[in-house]
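A.B. asks: The structure file coords.cif (mmCIF, C-alpha atoms) is provided below.
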data_target
#
loop_
_atom_site.label_atom_id
_atom_site.label_comp_id
_atom_site.auth_asym_id
_atom_site.auth_seq_id
_atom_site.Cartn_x
_atom_site.Cartn_y
_atom_site.Cartn_z
CA GLN G 91 -3.81 13.41 6.77
CA VAL G 92 -2.63 10.55 8.95
CA GLN G 93 0.55 8.93 7.76
CA LEU G 94 2.93 6.24 8.97
CA VAL G 95 6.25 6.30 7.18
CA GLU G 96 8.83 3.54 7.56
CA SER G 97 12.54 4.03 6.97
CA GLY G 98 15.79 2.23 7.64
CA GLY G 99 15.41 -0.73 5.34
CA GLY G 100 18.15 -1.86 3.02
CA LEU G 101 20.54 -4.62 2.06
CA VAL G 102 22.55 -6.32 4.78
CA GLN G 103 24.61 -9.48 5.05
CA ALA G 104 23.47 -12.39 7.16
CA GLY G 105 24.38 -11.82 10.78
CA GLY G 106 24.09 -8.07 10.43
CA SER G 107 21.71 -5.56 11.95
CA LEU G 108 19.24 -2.92 10.84
CA ARG G 109 17.06 -0.47 12.70
CA LEU G 110 13.70 0.40 11.21
CA SER G 111 11.82 3.55 12.16
CA CYS G 112 8.15 4.38 11.79
CA ALA G 113 7.34 8.06 11.96
CA ALA G 114 3.72 9.08 12.43
CA SER G 115 2.21 12.36 11.37
CA GLY G 116 -1.24 13.87 11.23
CA ARG G 117 -2.21 12.35 14.57
CA THR G 118 -0.61 11.64 17.91
CA PHE G 119 -0.29 7.90 18.41
CA SER G 120 0.95 8.04 21.97
CA THR G 121 -2.07 6.09 23.25
CA TYR G 122 -2.29 3.65 20.31
CA PRO G 123 -0.75 0.18 20.48
CA MET G 124 1.42 -0.35 17.44
CA GLY G 125 3.07 -3.20 15.61
CA TRP G 126 5.35 -4.41 12.86
CA PHE G 127 4.42 -6.88 10.16
CA ARG G 128 6.35 -8.24 7.20
CA GLN G 129 5.63 -9.83 3.86
CA ALA G 130 8.13 -12.03 2.07
CA PRO G 131 7.86 -12.69 -1.68
CA GLY G 132 5.06 -15.13 -2.41
CA LYS G 133 3.90 -15.24 1.20
CA ASP G 134 1.15 -13.68 3.25
CA ARG G 135 1.89 -10.75 5.48
CA GLU G 136 2.83 -11.96 8.95
CA PHE G 137 3.04 -10.49 12.42
CA VAL G 138 6.48 -9.58 13.75
CA ALA G 139 6.07 -7.60 16.98
CA ALA G 140 3.66 -5.41 18.92
CA ILE G 141 4.03 -2.78 21.62
CA ASN G 142 1.53 -1.23 23.98
CA TRP G 143 0.82 2.47 24.24
CA ASN G 144 3.69 3.39 26.56
CA GLY G 145 6.24 0.76 25.57
CA GLY G 146 5.87 -1.15 28.80
CA ASN G 147 4.70 -4.35 27.16
CA THR G 148 5.90 -6.03 24.00
CA TYR G 149 5.17 -9.25 22.15
CA TYR G 150 7.10 -11.04 19.42
CA ALA G 151 6.62 -13.73 16.86
CA ASP G 152 8.61 -16.83 17.75
CA SER G 153 10.69 -16.43 14.59
CA VAL G 154 12.18 -13.12 15.77
CA LYS G 155 12.12 -13.49 19.55
CA GLY G 156 15.53 -12.77 21.03
CA ARG G 157 16.79 -11.09 17.84
CA PHE G 158 14.38 -8.19 17.31
CA THR G 159 13.41 -5.43 19.72
CA ILE G 160 10.40 -3.18 19.31
CA SER G 161 10.36 0.19 21.03
CA ARG G 162 8.74 3.61 20.77
CA GLU G 163 9.32 7.26 21.62
CA ASN G 164 5.94 8.87 22.08
CA ALA G 165 7.50 12.31 22.37
CA LYS G 166 8.67 11.86 18.78
CA ASN G 167 5.57 9.96 17.62
CA THR G 168 7.96 7.28 16.38
CA MET G 169 8.29 3.52 16.73
CA TYR G 170 11.37 1.41 16.08
CA LEU G 171 12.36 -2.14 15.27
CA GLN G 172 15.94 -3.10 16.05
CA MET G 173 16.82 -6.22 14.09
CA ASN G 174 19.93 -8.20 14.98
CA THR G 175 21.43 -11.45 13.75
CA LEU G 176 19.51 -11.18 10.52
CA THR G 177 19.10 -14.21 8.29
CA PRO G 178 17.98 -14.52 4.64
CA GLU G 179 14.61 -15.70 6.00
CA ASP G 180 14.07 -12.18 7.36
CA THR G 181 14.02 -10.78 3.83
CA ALA G 182 10.67 -9.05 3.37
CA VAL G 183 8.85 -5.77 3.10
CA TYR G 184 8.34 -4.52 6.64
CA TYR G 185 5.23 -2.56 7.55
CA CYS G 186 4.43 -0.56 10.64
CA ALA G 187 0.87 -0.24 11.85
CA ALA G 188 -1.21 1.40 14.55
CA THR G 189 -4.42 0.04 15.99
CA SER G 190 -7.73 1.42 14.81
CA ALA G 191 -8.41 3.10 18.14
CA PRO G 192 -6.38 4.23 21.14
CA SER G 193 -6.23 1.93 24.12
CA LYS G 194 -4.25 1.67 27.31
CA LYS G 195 -5.80 -1.68 28.18
CA TRP G 196 -5.24 -3.97 25.21
CA ILE G 197 -2.97 -6.92 25.81
CA VAL G 198 -0.25 -6.93 23.17
CA ALA G 199 -0.39 -10.70 22.78
CA GLY G 200 -3.81 -10.14 21.26
CA LEU G 201 -2.49 -7.78 18.59
CA GLN G 202 -1.12 -10.35 16.17
CA THR G 203 -3.85 -10.05 13.57
CA GLU G 204 -4.01 -7.40 10.89
CA GLU G 205 -7.66 -6.71 11.61
CA LYS G 206 -6.71 -4.95 14.85
CA TYR G 207 -4.83 -2.27 12.93
CA GLY G 208 -6.40 0.63 11.10
CA TYR G 209 -3.33 2.60 10.07
CA TRP G 210 -0.52 1.24 7.92
CA GLY G 211 2.69 2.50 6.44
CA GLN G 212 3.76 1.90 2.87
CA GLY G 213 6.50 -0.56 3.80
CA THR G 214 10.27 -0.65 3.64
CA GLN G 215 12.31 -3.40 1.97
CA VAL G 216 14.76 -5.44 4.02
CA THR G 217 17.02 -7.79 2.08
CA VAL G 218 19.43 -10.12 3.85
CA SER G 219 22.08 -11.76 1.70
CA SER G 220 23.69 -15.07 2.58
#
In structure tokens, write the structure found in this file.
C.D. replies:
Amino acid sequence: QVQLVESGGGLVQAGGSLRLSCAASGRTFSTYPMGWFRQAPGKDREFVAAINWNGGNTYYADSVKGRFTISRENAKNTMYLQMNTLTPEDTAVYYCAATSAPSKKWIVAGLQTEEKYGYWGQGTQVTVSS
């Protein structure tokens, strides 16, 4: 059974940092582009960041650019999201996702829509207090 499991969420004060992890099991995702999305209360789920199969290319939403860093360790089948300088507006459930099929050619800037992803984690809550 293929699973993506997020961890690392929690409560942090504004200006603080958190590091989210996304551990995959049941399949090797080393050739799958992956991404992070988030959903704040009362809002639609939105794109946060994407990374290509080997970590050589990344893409960020404007709202997190310069504060968040996406990375991956294919040897551990794990992806990360380092979040710095957090603000209350970053409060949301964060989801990791993998594309529906492996690809070494997809451009990460084109991976901002949920439809590109076929595997999703259950989400981890991030709450930033002011």
A.B. asks: Could you state which residues are captured by the PyMOL selection byres ((chain G and resi 146-157) around 9) in this file, as a list in words?
C.D. replies: Glu136, Phe137, Val138, Ala139, Ala140, Ile141, Asn142, Trp143, Asn144, Gly145, Phe158, Thr159, Ile160, Ser161, Gln172, Met173, Asn174, Thr175, Leu176, Asp180, Ile197, Val198, Ala199, Leu201 and Gln202 of chain G
A.B. asks: Find the distance between CA of Asn167 (chain G) and CA of Gly105 (chain G) and write it in Å to one decimal.
C.D. replies: 29.6 Å
A.B. asks: Between G:Ser115, G:Ser97, G:Met124, G:Ser193, single out the one closest to Gly213 (chain G), counting only C-alpha atoms.
C.D. replies: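 When distances to Gly213 (chain G) are compared using only C-alpha atoms, the smallest one comes from G:Ser97.
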A.B. asks: Which one of G:Val216, G:Val92, G:Leu101, G:Ala188 sits closest to Arg162 (chain G) if you count all atoms listed in the file?
C.D. replies: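 Checking each candidate against Arg162 (chain G), we get G:Ala188 as the closest.
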A.B. asks: May I ask which of the residues G:Glu163, G:Thr181, G:Trp126, G:Thr121 is the closest one to Tyr207 (chain G), counting only C-alpha atoms?
C.D. replies: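 Answer, going by the shortest atom-to-atom distance: G:Trp126.
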A.B. asks: With a distance cut-off of 9 Å and all atoms listed in the file, select the neighbouring residues of Thr217 (chain G), excluding the residue or stretch itself and same-chain residues fewer than 3 positions from it, and output the selection as a PyMOL selection string.
C.D. replies: chain G and resi 99-103+178+180-183
A.B. asks: Hey, can you check how far CA of Val218 (chain G) sits from CA of Leu171 (chain G)?
C.D. replies: 15.6 Å
A.B. asks: With distances taken over only C-alpha atoms, which of G:Gly132, G:Phe127, G:Tyr209, G:Ala165 is nearest to Ala191 (chain G)?
C.D. replies: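 Selected residue with least distance to Ala191 (chain G): G:Tyr209.
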A.B. asks: So what do you get for CA of Gln93 (chain G) versus CA of Lys206 (chain G), distance-wise?
C.D. replies: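 Between these atoms lies a distance of 17.2 Å.
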A.B. asks: Evaluate the PyMOL selection byres ((chain G and resi 114) around 9) against this structure - the residues, as a VMD selection string, please.
C.D. replies: chain G and resid 92 to 96 112 to 113 115 to 119 166 to 169 211
A.B. asks: Of the candidates G:Thr203, G:Ser120, G:Thr214, G:Thr177, which one gets nearest to Gly98 (chain G) if we count all atoms listed in the file?
C.D. replies: G:Thr214
A.B. asks: Closest to Leu110 (chain G) among G:Gln215, G:Gln129, G:Asp134, G:Asn164, using all atoms listed in the file?
C.D. replies: G:Gln215
